[in-house]
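Novice: One structure, pasted below without further comment.
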Amino acid sequence: TRPRLSTPYVRPTTELEQMIADIWQETLGIEKIGIDDNFFDLGGDSLIAVNAITQLERILQKKVPTANLYQTPHIRGLAGLLSQDDVQATQQRSRALDERSAQLSQRNLILQQRKRK
């Protein structure tokens, strides 16, 4: 059961928050974990943190630094941090594609100029 905490229960609202809550519930053995509950106040420790992060990495299929859980020991914060990482990764891929496209356009322009000569 949910231990007595100073924070009221707030249910997960996003898929990512629900995923993290499910993992925490499984690793901590607590049925009802809210998005503002502190992982360590729920009885989490470094060993459980590594286990939870490992499960999260397996599901998300990406590397998640364990330090993220220490920086943001609440589901709301951790989900926000992971979402922000996804946005940044998408932006980096987009910039890389834009740069590659510009390089190819420039190369094509040079090849066309050479053909005209």
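The chains in the structure tokens are called A, B, ... from first to last as shown; in each chain the residues are counted from 1, and the ligands are counted from 1 in the order shown.
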Give me the residues within 10 Å of range 63-71 of chain A as number ranges by chain, counting only C-alpha atoms and dropping any in the same chain fewer than 2 places off.

Specialist: A: 38-40, 46, 49-54, 56-58, 60-61, 73-75, 77-78, 81-82, 85

Novice: Would you pick out the contacts of Leu5 in chain A at 12 Å or less, using only C-alpha atoms, so that residues sharing its chain but fewer than 5 positions from it are not included, and give the list as JSON, numbers by chain?

Specialist: {"A": [32, 33, 34, 36, 37, 38, 39, 40, 41, 42, 43]}

Novice: Could you save those same residues with N, CA and C atoms as a PDB file, in the first residue's frame?

Specialist:
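Written out: result_3.pdb:
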```pdb
ATOM      1  N   LYS A  32       0.355   2.263  -5.392  1.00  0.00           N
ATOM      2  CA  LYS A  32      -0.134   3.542  -5.903  1.00  0.00           C
ATOM      3  C   LYS A  32       0.932   4.616  -5.710  1.00  0.00           C
ATOM      4  N   ILE A  33       1.646   4.932  -6.796  1.00  0.00           N
ATOM      5  CA  ILE A  33       2.691   5.947  -6.729  1.00  0.00           C
ATOM      6  C   ILE A  33       2.279   7.119  -7.607  1.00  0.00           C
ATOM      7  N   GLY A  34       2.311   8.296  -7.026  1.00  0.00           N
ATOM      8  CA  GLY A  34       1.935   9.507  -7.750  1.00  0.00           C
ATOM      9  C   GLY A  34       3.134  10.180  -8.390  1.00  0.00           C
ATOM     10  N   ASP A  36       4.242  13.126  -8.100  1.00  0.00           N
ATOM     11  CA  ASP A  36       4.995  14.061  -7.255  1.00  0.00           C
ATOM     12  C   ASP A  36       5.656  13.379  -6.064  1.00  0.00           C
ATOM     13  N   ASP A  37       5.506  12.050  -5.955  1.00  0.00           N
ATOM     14  CA  ASP A  37       6.129  11.307  -4.869  1.00  0.00           C
ATOM     15  C   ASP A  37       7.634  11.211  -5.088  1.00  0.00           C
ATOM     16  N   ASN A  38       8.376  11.331  -4.013  1.00  0.00           N
ATOM     17  CA  ASN A  38       9.836  11.258  -4.075  1.00  0.00           C
ATOM     18  C   ASN A  38      10.264   9.793  -4.011  1.00  0.00           C
ATOM     19  N   PHE A  39      11.060   9.380  -4.976  1.00  0.00           N
ATOM     20  CA  PHE A  39      11.531   8.001  -5.076  1.00  0.00           C
ATOM     21  C   PHE A  39      12.170   7.539  -3.765  1.00  0.00           C
ATOM     22  N   PHE A  40      12.972   8.383  -3.161  1.00  0.00           N
ATOM     23  CA  PHE A  40      13.706   8.001  -1.957  1.00  0.00           C
ATOM     24  C   PHE A  40      12.813   8.016  -0.717  1.00  0.00           C
ATOM     25  N   ASP A  41      11.811   8.887  -0.696  1.00  0.00           N
ATOM     26  CA  ASP A  41      10.830   8.873   0.397  1.00  0.00           C
ATOM     27  C   ASP A  41       9.970   7.617   0.353  1.00  0.00           C
ATOM     28  N   LEU A  42       9.861   7.022  -0.810  1.00  0.00           N
ATOM     29  CA  LEU A  42       9.093   5.786  -0.971  1.00  0.00           C
ATOM     30  C   LEU A  42       9.898   4.549  -0.562  1.00  0.00           C
ATOM     31  N   GLY A  43      11.141   4.748  -0.172  1.00  0.00           N
ATOM     32  CA  GLY A  43      11.987   3.629   0.236  1.00  0.00           C
ATOM     33  C   GLY A  43      13.035   3.255  -0.786  1.00  0.00           C
TER      34      GLY A  43
END
```

Novice: Neighbouring residues of Ile35 in chain A were defined as those with any atom within 7 Å, considering only C-alpha atoms; residues of the same chain fewer than 4 positions away were excluded. Please report them as an MDAnalysis selection string.

Specialist: chainID A and resid 10:12 17 74:76

Novice: Next, the residues of the selection above should be written as a short mmCIF file (atom, residue, chain, number, x, y, z; two decimals), in the first residue's frame with all heavy atoms.

Specialist:
```cif
data_model
loop_
_atom_site.label_atom_id
_atom_site.label_comp_id
_atom_site.auth_asym_id
_atom_site.auth_seq_id
_atom_site.Cartn_x
_atom_site.Cartn_y
_atom_site.Cartn_z
N VAL A 10 -1.03 12.25 -6.90
CA VAL A 10 -1.42 12.82 -8.19
C VAL A 10 -1.13 11.75 -9.23
O VAL A 10 0.01 11.34 -9.41
CB VAL A 10 -0.63 14.12 -8.52
CG1 VAL A 10 -1.02 14.66 -9.88
CG2 VAL A 10 -0.82 15.16 -7.43
N ARG A 11 -2.17 11.31 -9.90
CA ARG A 11 -2.02 10.20 -10.84
C ARG A 11 -1.26 10.63 -12.10
O ARG A 11 -1.29 11.81 -12.49
CB ARG A 11 -3.37 9.60 -11.20
CG ARG A 11 -4.26 10.46 -12.04
CD ARG A 11 -5.58 9.72 -12.36
NE ARG A 11 -6.26 10.32 -13.46
CZ ARG A 11 -5.94 10.18 -14.75
NH1 ARG A 11 -4.93 9.43 -15.10
NH2 ARG A 11 -6.62 10.79 -15.70
N PRO A 12 -0.58 9.69 -12.74
CA PRO A 12 0.11 9.98 -14.00
C PRO A 12 -0.88 10.43 -15.07
O PRO A 12 -1.99 9.93 -15.16
CB PRO A 12 0.75 8.64 -14.38
CG PRO A 12 0.83 7.88 -13.10
CD PRO A 12 -0.35 8.32 -12.29
N GLU A 17 4.80 9.15 -17.98
CA GLU A 17 4.62 9.16 -16.52
C GLU A 17 4.06 7.83 -16.03
O GLU A 17 4.52 7.30 -15.01
CB GLU A 17 3.68 10.30 -16.11
CG GLU A 17 4.27 11.67 -16.23
CD GLU A 17 3.29 12.79 -15.94
OE1 GLU A 17 2.07 12.53 -15.83
OE2 GLU A 17 3.74 13.94 -15.81
N HIS A 74 11.30 12.66 -8.73
CA HIS A 74 9.85 12.60 -8.87
C HIS A 74 9.52 12.19 -10.30
O HIS A 74 10.23 12.56 -11.23
CB HIS A 74 9.22 13.96 -8.56
CG HIS A 74 9.63 14.52 -7.24
ND1 HIS A 74 10.76 15.28 -7.09
CD2 HIS A 74 9.09 14.39 -6.01
CE1 HIS A 74 10.89 15.61 -5.82
NE2 HIS A 74 9.89 15.08 -5.13
N ILE A 75 8.44 11.48 -10.48
CA ILE A 75 8.05 11.01 -11.81
C ILE A 75 7.82 12.19 -12.74
O ILE A 75 8.26 12.17 -13.89
CB ILE A 75 6.81 10.11 -11.72
CG1 ILE A 75 7.18 8.80 -11.02
CG2 ILE A 75 6.21 9.85 -13.10
CD1 ILE A 75 6.01 7.90 -10.70
N ARG A 76 7.14 13.22 -12.26
CA ARG A 76 6.85 14.39 -13.10
C ARG A 76 8.16 14.99 -13.65
O ARG A 76 8.29 15.25 -14.84
CB ARG A 76 6.09 15.45 -12.31
CG ARG A 76 5.70 16.66 -13.14
CD ARG A 76 5.16 17.80 -12.29
NE ARG A 76 4.11 17.46 -11.36
CZ ARG A 76 2.81 17.64 -11.58
NH1 ARG A 76 2.40 18.15 -12.71
NH2 ARG A 76 1.93 17.32 -10.64
#
```

Novice: One decimal, in Å: what's the spacing between CA of Gly29 in chain A and CA of Arg2 in chain A?

Specialist: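 Computing it gives 9.5 Å between the two atoms.
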
Novice: If DSSP is run on the backbone, what residues of chain A are alpha helix (DSSP H)? A reply as a PyMOL selection string would be ideal.

Specialist: chain A and resi 15-28+46-60+67-71+75-116

Novice: Excluding Ile59 in chain A and its own-chain neighbours fewer than 6 positions away, which residues fall within 12 Å of it when counting only C-alpha atoms? Please give them as a PyMOL selection string.

Specialist: chain A and resi 16+19-20+22-23+52-53

Novice: Find the distance between CA of Lys117 in chain A and CA of Ser105 in chain A and write it in Å to one decimal.

Specialist: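 Going from CA of Lys117 in chain A over to CA of Ser105 in chain A, I get 18.9 Å.
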
Novice: Could you state the separation of CA of Glu26 in chain A and CA of Asp45 in chain A in Å, given to one decimal place?

Specialist: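 According to the coordinates, CA of Glu26 in chain A and CA of Asp45 in chain A are separated by 14.2 Å.
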
Novice: Go through A:Leu104, A:Ile110, A:Ala21, A:Leu97 and flag the residue nearest Gln55 in chain A, using only C-alpha atoms for the distances.

Specialist: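 Nearest candidate to Gln55 in chain A out of A:Leu104, A:Ile110, A:Ala21, A:Leu97: A:Ala21.
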